[in-house]
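File shown: target.txt. Contents: compact mmCIF, C-alpha atoms.
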```txt
# COMPACT_ATOMS: atom_id res chain seq x y z
CA LEU A 25 110.46 145.80 34.82
CA ALA A 26 113.08 146.01 37.55
CA ALA A 27 110.52 144.97 40.18
CA ALA A 28 109.29 142.13 38.02
CA GLY A 29 112.85 140.98 37.48
CA ALA A 30 113.50 141.03 41.21
CA GLY A 31 110.35 138.96 41.77
CA LEU A 32 111.49 136.41 39.24
CA LEU A 33 114.89 136.16 40.93
CA VAL A 34 113.28 135.57 44.34
CA ALA A 35 110.97 132.91 42.91
CA ALA A 36 113.87 131.27 41.18
CA TRP A 37 115.86 131.25 44.43
CA PHE A 38 113.08 129.31 46.15
CA LEU A 39 112.88 126.84 43.30
CA VAL A 40 116.62 126.12 43.22
CA PRO A 41 117.44 123.20 45.62
CA VAL A 42 119.61 124.14 48.61
CA ARG A 43 122.97 122.44 48.42
CA ASP A 44 124.36 120.70 51.54
CA PRO A 45 127.66 119.24 50.35
CA PHE A 46 128.96 118.49 53.88
CA GLY A 47 125.66 117.18 55.32
CA TRP A 48 125.51 119.82 58.04
CA ARG A 49 121.87 120.67 57.51
CA GLN A 50 120.88 116.99 57.48
CA GLN A 51 122.88 116.42 60.66
CA GLN A 52 121.10 119.29 62.40
CA VAL A 53 117.72 117.86 61.43
CA ARG A 54 118.73 114.44 62.76
CA GLN A 55 120.00 115.92 66.03
CA ARG A 56 116.75 117.82 66.58
CA GLN A 57 114.78 114.63 66.00
CA GLU A 58 116.92 112.67 68.47
CA GLN A 59 116.70 115.45 71.04
CA THR A 60 112.92 115.31 70.76
CA LEU A 61 113.01 111.51 71.14
CA LEU A 62 115.24 111.71 74.22
CA ALA A 63 112.93 114.28 75.80
CA GLU A 64 109.95 111.98 75.22
CA GLN A 65 111.80 108.98 76.66
CA ARG A 66 112.80 110.96 79.72
CA ALA A 67 109.21 112.09 80.33
CA ALA A 68 107.91 108.50 79.89
CA ALA A 69 110.50 107.12 82.32
CA ARG A 70 109.61 109.76 84.89
CA ALA A 71 105.91 108.86 84.62
CA GLU A 72 106.73 105.14 84.97
CA THR A 73 108.77 105.87 88.09
CA ARG A 74 105.83 107.70 89.67
CA ARG A 75 103.45 104.85 88.79
CA LEU A 76 105.68 102.14 90.23
CA ALA A 77 106.45 104.11 93.38
CA GLU A 78 102.74 104.10 94.22
CA LEU A 79 102.71 100.29 93.99
CA LYS A 80 105.48 100.05 96.64
CA PRO A 81 107.62 97.34 95.01
CA ASP A 82 110.02 97.43 97.96
CA ALA A 83 107.30 96.25 100.37
CA PRO A 84 107.41 92.62 101.57
CA VAL A 85 104.35 91.79 99.42
CA SER A 86 102.14 93.74 97.04
CA PRO A 87 98.98 95.52 98.26
CA ALA A 88 96.85 92.99 96.33
CA THR A 89 98.49 90.04 98.12
CA GLU A 90 98.14 91.79 101.46
CA ALA A 91 94.42 92.30 100.81
CA ALA A 92 94.00 88.64 99.81
CA LEU A 93 95.66 87.57 103.06
CA GLU A 94 93.32 89.77 105.10
CA ARG A 95 90.27 88.22 103.40
CA LEU A 96 91.66 84.72 104.03
CA LEU A 97 92.29 85.39 107.73
CA ALA A 98 88.76 86.80 108.02
CA ALA A 99 87.38 83.60 106.45
CA PHE A 100 89.44 81.43 108.81
CA SER A 101 88.14 83.32 111.83
CA LYS A 102 84.52 82.54 110.84
CA LEU A 103 84.86 78.79 110.27
CA ASP A 104 81.88 76.77 111.48
CA PRO A 105 82.69 73.60 113.50
CA VAL A 106 79.88 71.74 111.67
CA PRO A 107 81.45 69.39 109.07
CA GLY A 108 81.07 70.66 105.52
CA ALA A 109 79.64 74.05 106.50
CA ASN A 110 82.68 75.98 105.23
CA ALA A 111 83.11 74.36 101.82
CA ARG A 112 81.72 77.27 99.79
CA ALA A 113 83.60 80.02 101.61
CA LEU A 114 86.90 78.14 101.45
CA ALA A 115 86.40 77.30 97.76
CA GLU A 116 85.88 81.00 96.96
CA ARG A 117 89.07 81.97 98.75
CA GLN A 118 90.97 79.15 97.04
CA ALA A 119 89.79 80.27 93.60
CA GLU A 120 90.83 83.87 94.28
CA ILE A 121 94.23 83.02 95.74
CA GLY A 122 94.92 80.32 93.14
CA LYS A 123 94.40 82.84 90.34
CA ALA A 124 96.68 85.37 92.03
CA PHE A 125 99.29 82.66 92.60
CA ALA A 126 99.32 81.70 88.91
CA ALA A 127 99.72 85.37 87.92
CA ALA A 128 102.60 85.90 90.34
CA LYS A 129 104.37 82.75 89.12
CA ALA A 130 104.05 83.90 85.50
CA ALA A 131 105.36 87.39 86.32
CA GLN A 132 108.39 86.40 88.41
CA ILE A 133 111.76 85.28 87.11
CA ASP A 134 111.79 81.53 86.53
CA PRO A 135 114.80 79.98 88.31
CA GLN A 136 114.58 76.90 86.04
CA GLU A 137 115.43 79.05 83.01
CA LEU A 138 118.71 80.29 84.50
CA GLY A 139 120.66 77.19 83.52
CA GLN A 140 119.12 77.12 80.04
CA GLN A 141 120.27 80.58 78.94
CA VAL A 142 123.38 80.53 76.77
CA GLY A 143 126.02 83.16 77.43
CA LEU A 144 124.54 84.37 80.72
CA GLY A 145 127.43 85.91 82.68
CA GLU A 146 128.25 85.11 86.28
CA GLU A 147 127.04 88.48 87.57
CA ALA A 148 123.79 88.21 85.60
CA GLN A 149 123.23 84.71 87.01
CA ARG A 150 123.78 85.97 90.54
CA LEU A 151 121.31 88.81 90.03
CA ALA A 152 118.67 86.58 88.44
CA ALA A 153 118.99 83.89 91.12
CA GLU A 154 118.52 86.45 93.88
CA LEU A 155 115.53 88.08 92.16
CA ALA A 156 113.95 84.65 91.69
CA LYS A 157 114.09 84.20 95.48
CA GLY A 158 112.70 87.68 96.16
CA GLY A 159 115.98 89.30 97.21
CA THR A 160 117.22 92.74 96.11
CA ARG A 161 120.60 93.24 97.81
CA ALA A 162 122.70 92.45 94.72
CA LEU A 163 120.27 94.46 92.59
CA GLY A 164 120.74 97.50 94.81
CA GLU A 165 124.51 97.21 94.60
CA GLN A 166 124.42 96.95 90.81
CA LEU A 167 122.04 99.89 90.41
CA ASP A 168 124.07 102.11 92.75
CA ALA A 169 127.23 101.32 90.81
CA ALA A 170 125.49 102.08 87.49
CA LYS A 171 124.15 105.41 88.74
CA ASP A 172 127.59 106.37 90.06
CA LEU A 173 129.18 105.57 86.69
CA ALA A 174 126.53 107.63 84.88
CA GLU A 175 127.23 110.65 87.13
CA ARG A 176 130.99 110.33 86.64
CA LEU A 177 130.48 110.01 82.90
CA ALA A 178 128.43 113.21 82.82
CA ALA A 179 131.17 115.11 84.70
CA ALA A 180 134.18 113.65 82.83
CA SER A 181 135.98 115.83 80.30
CA ASP A 182 138.80 113.57 79.17
CA PRO A 183 137.80 111.48 76.08
CA GLY A 184 139.76 108.44 77.28
CA GLU A 185 138.14 108.54 80.71
CA ARG A 186 134.69 108.87 79.13
CA ARG A 187 135.29 105.81 76.95
CA GLN A 188 136.39 103.76 79.96
CA LEU A 189 133.42 104.85 82.09
CA ALA A 190 131.01 104.20 79.22
CA ALA A 191 132.39 100.67 78.77
CA GLU A 192 131.99 99.88 82.49
CA LEU A 193 128.46 101.29 82.53
CA ARG A 194 127.53 99.31 79.41
CA LYS A 195 128.68 96.07 81.05
CA ARG A 196 126.56 96.68 84.15
CA LEU A 197 123.50 97.58 82.10
CA GLU A 198 123.92 94.43 80.00
CA ASP A 199 124.13 92.29 83.16
CA LEU A 200 120.98 93.89 84.54
CA ALA A 201 119.13 93.42 81.25
CA ALA A 202 120.17 89.75 81.03
CA ALA A 203 119.06 89.13 84.62
CA ALA A 204 115.60 90.54 83.83
CA GLN A 205 114.98 87.58 81.45
CA GLY A 206 112.94 89.46 78.86
CA LYS A 207 110.58 91.08 81.37
CA GLU A 208 109.51 94.73 81.23
CA ALA A 209 112.68 95.81 83.04
CA ALA A 210 114.79 94.28 80.27
CA GLY A 211 113.18 96.60 77.72
CA SER A 212 113.87 99.64 79.90
CA LEU A 213 117.51 98.63 80.30
CA ARG A 214 117.94 98.10 76.56
CA GLN A 215 116.61 101.61 76.08
CA ALA A 216 119.16 102.85 78.61
CA LEU A 217 121.88 101.15 76.56
CA ASP A 218 120.63 102.99 73.47
CA GLN A 219 120.74 106.28 75.36
CA LEU A 220 124.29 105.51 76.44
CA ALA A 221 125.25 105.00 72.80
CA ARG A 222 123.69 108.37 71.86
CA ALA A 223 125.74 110.05 74.59
CA SER A 224 128.85 109.58 72.42
CA ASP A 225 127.54 112.46 70.26
CA PRO A 226 128.69 115.76 71.88
CA ALA A 227 125.50 117.49 70.74
CA LEU A 228 123.32 114.85 72.45
CA ARG A 229 125.52 113.97 75.39
CA ASN A 230 123.80 115.93 78.17
CA GLN A 231 120.27 115.06 77.12
CA ALA A 232 121.14 111.40 76.58
CA LEU A 233 122.72 111.05 80.03
CA ASP A 234 119.78 112.83 81.68
CA ALA A 235 117.38 110.44 79.97
CA LEU A 236 119.57 107.50 81.00
CA ALA A 237 119.42 108.55 84.65
CA GLU A 238 115.61 108.66 84.54
CA GLN A 239 115.52 105.30 82.75
CA LEU A 240 117.73 103.69 85.40
CA GLN A 241 115.37 104.88 88.11
CA ALA A 242 112.37 103.31 86.37
CA ALA A 243 114.24 100.07 85.56
CA GLY A 244 115.33 99.73 89.18
CA LEU A 245 111.72 99.85 90.38
CA GLN A 246 110.67 97.39 87.69
CA MET A 247 113.29 94.90 88.87
CA GLN A 248 112.22 95.42 92.48
CA ALA A 249 108.73 94.51 91.30
CA LEU A 250 110.15 91.25 89.90
CA ALA A 251 111.53 90.39 93.31
CA GLN A 252 108.19 91.29 94.88
CA ASP A 253 106.45 88.94 92.44
CA ALA A 254 108.61 86.12 93.82
CA ARG A 255 107.71 87.08 97.40
CA ASP A 256 104.04 87.27 96.42
CA ALA A 257 104.21 83.78 94.91
CA GLN A 258 105.71 82.37 98.10
CA ALA A 259 103.14 84.11 100.31
CA LEU A 260 100.26 82.94 98.13
CA ARG A 261 101.67 79.40 98.13
CA GLU A 262 101.59 79.39 101.93
CA MET A 263 97.99 80.65 101.86
CA LEU A 264 97.00 77.80 99.53
CA GLN A 265 98.68 75.28 101.82
CA ALA A 266 96.73 76.60 104.80
CA LEU A 267 93.54 76.53 102.73
CA GLN A 268 94.17 72.91 101.81
CA GLN A 269 94.51 72.02 105.49
CA ALA A 270 91.32 73.93 106.34
CA ARG A 271 89.36 72.16 103.61
CA GLN A 272 90.55 68.76 104.84
CA LEU A 273 89.52 69.64 108.39
CA ASP A 274 86.15 70.92 107.17
CA GLY A 275 85.11 67.32 106.63
CA GLN A 276 85.96 66.43 110.23
CA PRO A 277 83.81 67.17 113.30
CA GLY A 278 84.94 70.11 115.41
CA CYS A 279 86.84 72.14 112.82
CA PRO A 280 88.78 74.77 114.84
CA ASN A 281 87.71 78.38 114.25
CA GLY A 282 91.12 79.79 115.15
CA GLU A 283 90.23 81.62 118.32
CA GLY A 284 93.32 83.55 119.40
CA CYS A 285 95.03 83.23 116.01
CA ARG A 286 96.24 86.47 114.42
CA THR A 287 98.63 85.49 111.62
CA LEU A 288 98.65 82.89 108.87
CA GLU A 289 101.42 81.03 110.71
CA ASP A 290 99.16 80.79 113.78
CA TYR A 291 96.43 79.16 111.68
CA ARG A 292 98.87 76.79 109.99
CA LYS A 293 100.15 75.55 113.36
CA LEU A 294 96.58 75.18 114.61
CA TYR A 295 95.52 73.19 111.54
CA GLU A 296 98.61 70.97 111.66
CA ALA A 297 97.86 70.08 115.26
CA ALA A 298 94.20 69.42 114.45
CA MET A 299 95.13 67.21 111.48
CA ALA A 300 97.57 65.26 113.65
CA ARG A 301 94.78 64.57 116.13
CA CYS A 302 92.41 63.49 113.34
CA GLN A 303 95.03 61.15 111.90
CA GLY A 304 95.91 59.60 115.25
CA GLY A 305 99.06 61.56 115.90
CA GLN A 306 98.81 61.24 119.69
CA PRO A 307 101.02 58.52 121.24
CA GLY A 308 99.22 55.41 122.48
CA ASN A 309 100.10 52.25 124.31
CA GLY A 310 99.30 49.91 121.43
CA GLN A 311 96.34 48.33 123.31
CA GLY A 312 93.44 50.40 122.00
CA LYS A 313 91.16 49.70 119.08
CA GLY A 314 91.41 53.19 117.55
CA PRO A 315 94.23 54.76 115.53
CA GLY A 316 97.36 55.76 117.38
CA VAL A 317 101.13 55.53 117.58
CA GLY A 318 102.26 52.20 119.06
CA ASN A 319 105.01 51.48 121.56
CA GLY A 320 107.31 49.78 119.04
CA ARG A 321 106.78 46.19 120.24
CA PRO A 322 105.59 43.54 117.75
CA ALA A 323 101.83 43.05 117.80
CA GLU A 324 100.48 39.78 119.15
CA TYR A 325 99.24 37.31 116.51
CA ARG A 326 96.87 34.43 117.18
CA ASP A 327 95.29 32.29 114.50
CA GLU A 328 92.42 31.29 116.74
CA ALA A 329 91.43 34.87 117.57
CA GLU A 330 88.02 35.90 116.31
CA THR A 331 87.91 39.08 114.23
CA GLY A 332 85.32 41.09 112.38
CA PHE A 333 86.98 40.43 109.05
CA ASN A 334 84.50 39.67 106.27
CA PRO A 335 86.11 38.50 102.97
CA GLU A 336 84.43 40.05 99.96
CA ARG A 337 85.29 40.33 96.29
CA SER A 338 84.43 43.20 94.03
CA PRO A 339 82.23 42.26 91.06
CA THR A 340 84.24 44.63 88.87
CA ALA A 341 86.25 42.99 86.10
CA LEU A 342 89.96 42.99 86.80
CA THR A 343 91.08 42.89 83.17
CA ALA A 344 90.45 45.03 80.13
CA GLY A 345 88.65 42.11 78.37
CA ARG A 346 87.89 38.43 78.69
CA THR A 347 89.87 35.37 77.67
CA LEU A 348 88.38 33.69 74.63
CA MET A 349 90.81 30.77 74.26
CA GLN A 350 93.93 29.42 75.93
CA TRP A 351 96.14 26.37 75.56
CA SER A 352 99.47 25.12 76.87
CA VAL A 353 102.43 23.80 74.92
CA LYS A 354 105.69 22.20 75.92
CA GLY A 355 108.95 24.06 75.58
CA PRO A 356 110.67 27.19 76.88
CA SER A 357 108.45 30.19 77.33
CA ASP A 358 108.98 33.45 75.47
CA LYS A 359 110.84 36.18 77.26
CA GLY A 360 108.31 38.40 78.98
CA THR A 361 107.91 42.11 78.37
CA ALA A 362 106.54 43.02 81.79
CA GLN A 363 109.72 44.77 82.88
CA GLU A 364 109.94 46.75 79.65
CA ASP A 365 106.27 47.73 79.90
CA TYR A 366 106.82 48.84 83.49
CA ARG A 367 109.79 51.01 82.59
CA ARG A 368 107.90 52.56 79.69
CA ALA A 369 104.89 53.33 81.90
CA GLN A 370 107.15 54.69 84.65
CA GLY A 371 108.78 57.08 82.20
CA THR A 372 105.40 58.30 80.98
CA VAL A 373 104.20 58.92 84.53
CA ARG A 374 107.40 60.74 85.48
CA GLN A 375 107.07 63.01 82.47
CA ALA A 376 103.41 63.77 83.25
CA VAL A 377 104.26 64.57 86.88
CA ALA A 378 107.13 66.84 85.83
CA GLU A 379 104.82 68.74 83.48
CA ALA A 380 102.18 69.05 86.20
CA LEU A 381 104.75 70.44 88.65
CA GLN A 382 106.02 72.90 86.08
CA ARG A 383 102.51 74.12 85.25
CA GLU A 384 101.47 74.32 88.92
CA GLN A 385 98.68 71.79 88.36
CA LEU A 386 99.27 70.09 91.71
CA PRO A 387 98.11 71.62 95.00
CA PRO A 388 101.04 73.48 96.63
CA GLY A 389 100.73 71.34 99.73
CA GLN A 390 101.45 68.16 97.75
CA GLU A 391 104.33 69.34 95.55
CA GLU A 392 107.14 68.39 97.94
CA ALA A 393 105.65 64.96 98.65
CA VAL A 394 105.30 64.19 94.94
CA LYS A 395 108.86 65.36 94.20
CA LYS A 396 110.23 63.20 97.03
CA TYR A 397 108.25 60.14 95.91
CA PHE A 398 109.54 60.21 92.34
CA ALA A 399 113.08 61.07 93.41
CA GLU A 400 113.40 57.82 95.38
```
Let me see whether you can do it: turn the structure in this file into structure tokens.
Amino acid sequence: LAAAGAGLLVAAWFLVPVRDPFGWRQQQVRQRQEQTLLAEQRAAARAETRRLAELKPDAPVSPATEAALERLLAAFSKLDPVPGANARALAERQAEIGKAFAAAKAAQIDPQELGQQVGLGEEAQRLAAELAKGGTRALGEQLDAAKDLAERLAAASDPGERRQLAAELRKRLEDLAAAAQGKEAAGSLRQALDQLARASDPALRNQALDALAEQLQAAGLQMQALAQDARDAQALREMLQALQQARQLDGQPGCPNGEGCRTLEDYRKLYEAAMARCQGGQPGNGQGKGPGVGNGRPAEYRDEAETGFNPERSPTALTAGRTLMQWSVKGPSDKGTAQEDYRRAQGTVRQAVAEALQREQLPPGQEEAVKKYFAE
């Protein structure tokens, strides 16, 4: 009976709910869960750092862009002087580089969005503007300052000093996250901000700051990749411009094969000189029959001179329809709408051109000319 009674007491003890009036047990469970989460975040950030380091985001351009440039230079070196013989090879390179250019433009920070963001601080604007141009000097300064603050925060013992350091670090992380404009780096920096908030708990402080340090390392490489995307876009744009010149010259006799050229800049200079010759860029004396640059004096004009001009008219209709009836009446004419129609059409064309420029629908070699035309 005594043994049975003891068994009943033990069973009853397991059935009775454990009281936790102060919430200590629940707090311990929560802390263990957050410690597990921080450990997972730290491991993920470390893996991301290793992955990005292999991609070399601090290089002038990405390995993929470097490989595309090598294939383009190889294609340029094999150009055939026969007109039209290089159309297929150049079209293949243009399709490849055009696709890579669109991807790089979509991945980089858009400088046009900087002025549209509300509440973007001065430091965040400076960082974003530099990243959009492919620079990383300001980014390096901001990251170094953030890492220094994180180390000082980990070593600080005074509560007031820790609060001050945490506030300064939070501000720098917020600026970095805002400059990333919603890209992958922005998510990493928001996670770093969450880890900084968890560091206020003494039980999580060391693990949270360790995870934050790893997260900063990964976010820094991600933002370097953003700058590299901008450099890739610029390099690919220059390749497309050179390709456009080569395709124009492919229709001309004697397309240069680039003997002695080693870099893309060498080919661009060669093609510019060849295009100038094809378009009559060499100075002349104004006396020849072919294209050339004149001497500045007014050309002679004689009505009696015989020319090879043959007046012809196109049979194509010049209007959208035909006139069925017309008559004339006396009195003042109605005010015309030609000027209003012109302004309306001009606005439509300007809007279409602006959208084409924004979506990169125009060849890179023609963008500046189009912008200049519609700005005048």
Give me, as a Markdown table, each residue of segment 78-177 of chain A that comes within 8 Å of segment 238-255 of chain A, together with its shortest interatomic pair and the distance in Å at one decimal, counting only C-alpha atoms, with rows ordered by chain and rising residue number.
```
| residue | atom | partner | partner_atom | distance |
| --- | --- | --- | --- | --- |
| A:Pro81 | CA | A:Ala249 | CA | 4.8 |
| A:Asp82 | CA | A:Gln248 | CA | 6.2 |
| A:Ala83 | CA | A:Gln252 | CA | 7.5 |
| A:Pro84 | CA | A:Gln252 | CA | 6.9 |
| A:Val85 | CA | A:Gln252 | CA | 6.0 |
| A:Ser86 | CA | A:Gln252 | CA | 6.9 |
| A:Ala128 | CA | A:Asp253 | CA | 5.3 |
| A:Lys129 | CA | A:Ala254 | CA | 7.2 |
| A:Ala131 | CA | A:Asp253 | CA | 6.4 |
| A:Gln132 | CA | A:Asp253 | CA | 5.1 |
| A:Ile133 | CA | A:Leu250 | CA | 6.8 |
| A:Leu155 | CA | A:Ala251 | CA | 4.8 |
| A:Ala156 | CA | A:Ala254 | CA | 5.9 |
| A:Lys157 | CA | A:Ala254 | CA | 6.0 |
| A:Gly158 | CA | A:Ala251 | CA | 4.1 |
| A:Gly159 | CA | A:Ala251 | CA | 6.0 |
| A:Thr160 | CA | A:Gln248 | CA | 6.7 |
| A:Leu163 | CA | A:Met247 | CA | 7.9 |
| A:Leu167 | CA | A:Gly244 | CA | 6.8 |
| A:Lys171 | CA | A:Leu240 | CA | 7.4 |
```
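When atom CA of Gly145 of chain A is paired with atom CA of Arg66 of chain A, their separation reads 29.2 Å.
Between atom CA of Leu294 of chain A and atom CA of Ala115 of chain A the interatomic distance comes to 19.8 Å.
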What are the centre and edge lengths in Å, to one decimal, of the axis-aligned box around all listed atoms of segment 193-206 of chain A with 6 Å added on each side, as lines of an AutoDock Vina configuration file?
```
center_x = 120.8
center_y = 94.4
center_z = 81.7
size_x = 27.7
size_y = 25.7
size_z = 17.8
```
Point-to-point distance in Å for atom CA of Asn230 of chain A and atom CA of Gln188 of chain A: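 These two atoms are separated by 17.6 Å.
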List every residue of segment 174-278 of chain A that has an atom at most 10 Å from any atom of segment 284-289 of chain A, giving for each one its closest atom pair and the distance in Å to one decimal, counting only C-alpha atoms, sorted by chain and then by ascending residue number, as CSV.
```
residue,atom,partner,partner_atom,distance
A:Ala259,CA,A:Leu288,CA,9.7
A:Glu262,CA,A:Leu288,CA,8.3
A:Met263,CA,A:Leu288,CA,7.4
A:Ala266,CA,A:Leu288,CA,7.7
```
Which residues, written as a ChimeraX atom specification, have at least one atom at most 9 Å from Ala170 of chain A, with only C-alpha atoms counted and residues fewer than 4 positions away on the same chain left out? /A:165-166,174-175,192-194,196-197,240
Pick the closest to Ala203 of chain A from A:Ala148, A:Ala232, A:Leu76, A:Ala169: which is it, counting all atoms listed in the file?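 Checking each of A:Ala148, A:Ala232, A:Leu76, A:Ala169 against Ala203 of chain A, counting all atoms listed in the file, the winner is A:Ala148.
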Identify, on the basis of only C-alpha atoms, every residue whose closest approach to Pro183 of chain A does not exceed 12 Å; exclude the query and any residue fewer than 6 positions from it along the same chain; express the result as a PyMOL selection string. chain A and resi 177+189-190+224-226
Measuring between all atoms listed in the file, which one of A:Ala178, A:Ala68, A:Ala91, A:Leu114 shows the shortest distance to Ser212 of chain A?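 Selected residue with least distance to Ser212 of chain A: A:Ala68.
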Since the input is missing atoms, can you rebuild N, CA and C atoms for segment 224-249 of chain A and write them as an mmCIF file, in the frame of the given file?
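Final output, saved to result.cif:
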```cif
data_model
loop_
_atom_site.group_PDB
_atom_site.id
_atom_site.type_symbol
_atom_site.label_atom_id
_atom_site.label_comp_id
_atom_site.auth_asym_id
_atom_site.auth_seq_id
_atom_site.Cartn_x
_atom_site.Cartn_y
_atom_site.Cartn_z
ATOM 1 N N SER A 224 127.550 109.401 73.075
ATOM 2 C CA SER A 224 128.850 109.580 72.420
ATOM 3 C C SER A 224 128.853 110.784 71.476
ATOM 4 N N ASP A 225 127.659 111.258 71.099
ATOM 5 C CA ASP A 225 127.540 112.460 70.260
ATOM 6 C C ASP A 225 127.598 113.689 71.170
ATOM 7 N N PRO A 226 128.584 114.578 70.996
ATOM 8 C CA PRO A 226 128.690 115.760 71.880
ATOM 9 C C PRO A 226 127.421 116.598 71.898
ATOM 10 N N ALA A 227 126.710 116.674 70.787
ATOM 11 C CA ALA A 227 125.500 117.490 70.740
ATOM 12 C C ALA A 227 124.343 116.866 71.516
ATOM 13 N N LEU A 228 124.401 115.550 71.747
ATOM 14 C CA LEU A 228 123.320 114.850 72.450
ATOM 15 C C LEU A 228 123.724 114.375 73.835
ATOM 16 N N ARG A 229 124.959 114.586 74.193
ATOM 17 C CA ARG A 229 125.520 113.970 75.390
ATOM 18 C C ARG A 229 124.734 114.290 76.651
ATOM 19 N N ASN A 230 124.481 115.555 76.927
ATOM 20 C CA ASN A 230 123.800 115.930 78.170
ATOM 21 C C ASN A 230 122.376 115.392 78.222
ATOM 22 N N GLN A 231 121.638 115.555 77.130
ATOM 23 C CA GLN A 231 120.270 115.060 77.120
ATOM 24 C C GLN A 231 120.208 113.542 77.217
ATOM 25 N N ALA A 232 121.132 112.858 76.546
ATOM 26 C CA ALA A 232 121.140 111.400 76.580
ATOM 27 C C ALA A 232 121.427 110.881 77.985
ATOM 28 N N LEU A 233 122.381 111.504 78.678
ATOM 29 C CA LEU A 233 122.720 111.050 80.030
ATOM 30 C C LEU A 233 121.619 111.400 81.023
ATOM 31 N N ASP A 234 120.925 112.510 80.822
ATOM 32 C CA ASP A 234 119.780 112.830 81.680
ATOM 33 C C ASP A 234 118.663 111.805 81.495
ATOM 34 N N ALA A 235 118.400 111.455 80.242
ATOM 35 C CA ALA A 235 117.380 110.440 79.970
ATOM 36 C C ALA A 235 117.791 109.086 80.536
ATOM 37 N N LEU A 236 119.075 108.762 80.466
ATOM 38 C CA LEU A 236 119.570 107.500 81.000
ATOM 39 C C LEU A 236 119.367 107.429 82.513
ATOM 40 N N ALA A 237 119.615 108.538 83.198
ATOM 41 C CA ALA A 237 119.420 108.550 84.650
ATOM 42 C C ALA A 237 117.966 108.284 85.014
ATOM 43 N N GLU A 238 117.034 108.892 84.285
ATOM 44 C CA GLU A 238 115.610 108.660 84.540
ATOM 45 C C GLU A 238 115.242 107.201 84.216
ATOM 46 N N GLN A 239 115.825 106.676 83.148
ATOM 47 C CA GLN A 239 115.520 105.300 82.750
ATOM 48 C C GLN A 239 116.040 104.309 83.785
ATOM 49 N N LEU A 240 117.189 104.567 84.353
ATOM 50 C CA LEU A 240 117.730 103.690 85.400
ATOM 51 C C LEU A 240 116.819 103.669 86.622
ATOM 52 N N GLN A 241 116.262 104.815 86.964
ATOM 53 C CA GLN A 241 115.370 104.880 88.110
ATOM 54 C C GLN A 241 114.135 104.009 87.886
ATOM 55 N N ALA A 242 113.556 104.114 86.686
ATOM 56 C CA ALA A 242 112.370 103.310 86.370
ATOM 57 C C ALA A 242 112.717 101.824 86.305
ATOM 58 N N ALA A 243 113.846 101.478 85.675
ATOM 59 C CA ALA A 243 114.240 100.070 85.560
ATOM 60 C C ALA A 243 114.501 99.453 86.927
ATOM 61 N N GLY A 244 115.074 100.237 87.833
ATOM 62 C CA GLY A 244 115.330 99.730 89.180
ATOM 63 C C GLY A 244 114.040 99.341 89.883
ATOM 64 N N LEU A 245 113.008 100.170 89.766
ATOM 65 C CA LEU A 245 111.720 99.850 90.380
ATOM 66 C C LEU A 245 111.062 98.650 89.704
ATOM 67 N N GLN A 246 111.230 98.544 88.403
ATOM 68 C CA GLN A 246 110.670 97.390 87.690
ATOM 69 C C GLN A 246 111.325 96.094 88.147
ATOM 70 N N MET A 247 112.617 96.116 88.415
ATOM 71 C CA MET A 247 113.290 94.900 88.870
ATOM 72 C C MET A 247 112.957 94.614 90.333
ATOM 73 N N GLN A 248 112.714 95.659 91.121
ATOM 74 C CA GLN A 248 112.220 95.420 92.480
ATOM 75 C C GLN A 248 110.852 94.757 92.444
ATOM 76 N N ALA A 249 110.035 95.142 91.450
ATOM 77 C CA ALA A 249 108.730 94.510 91.300
ATOM 78 C C ALA A 249 108.870 93.023 90.957
#
```
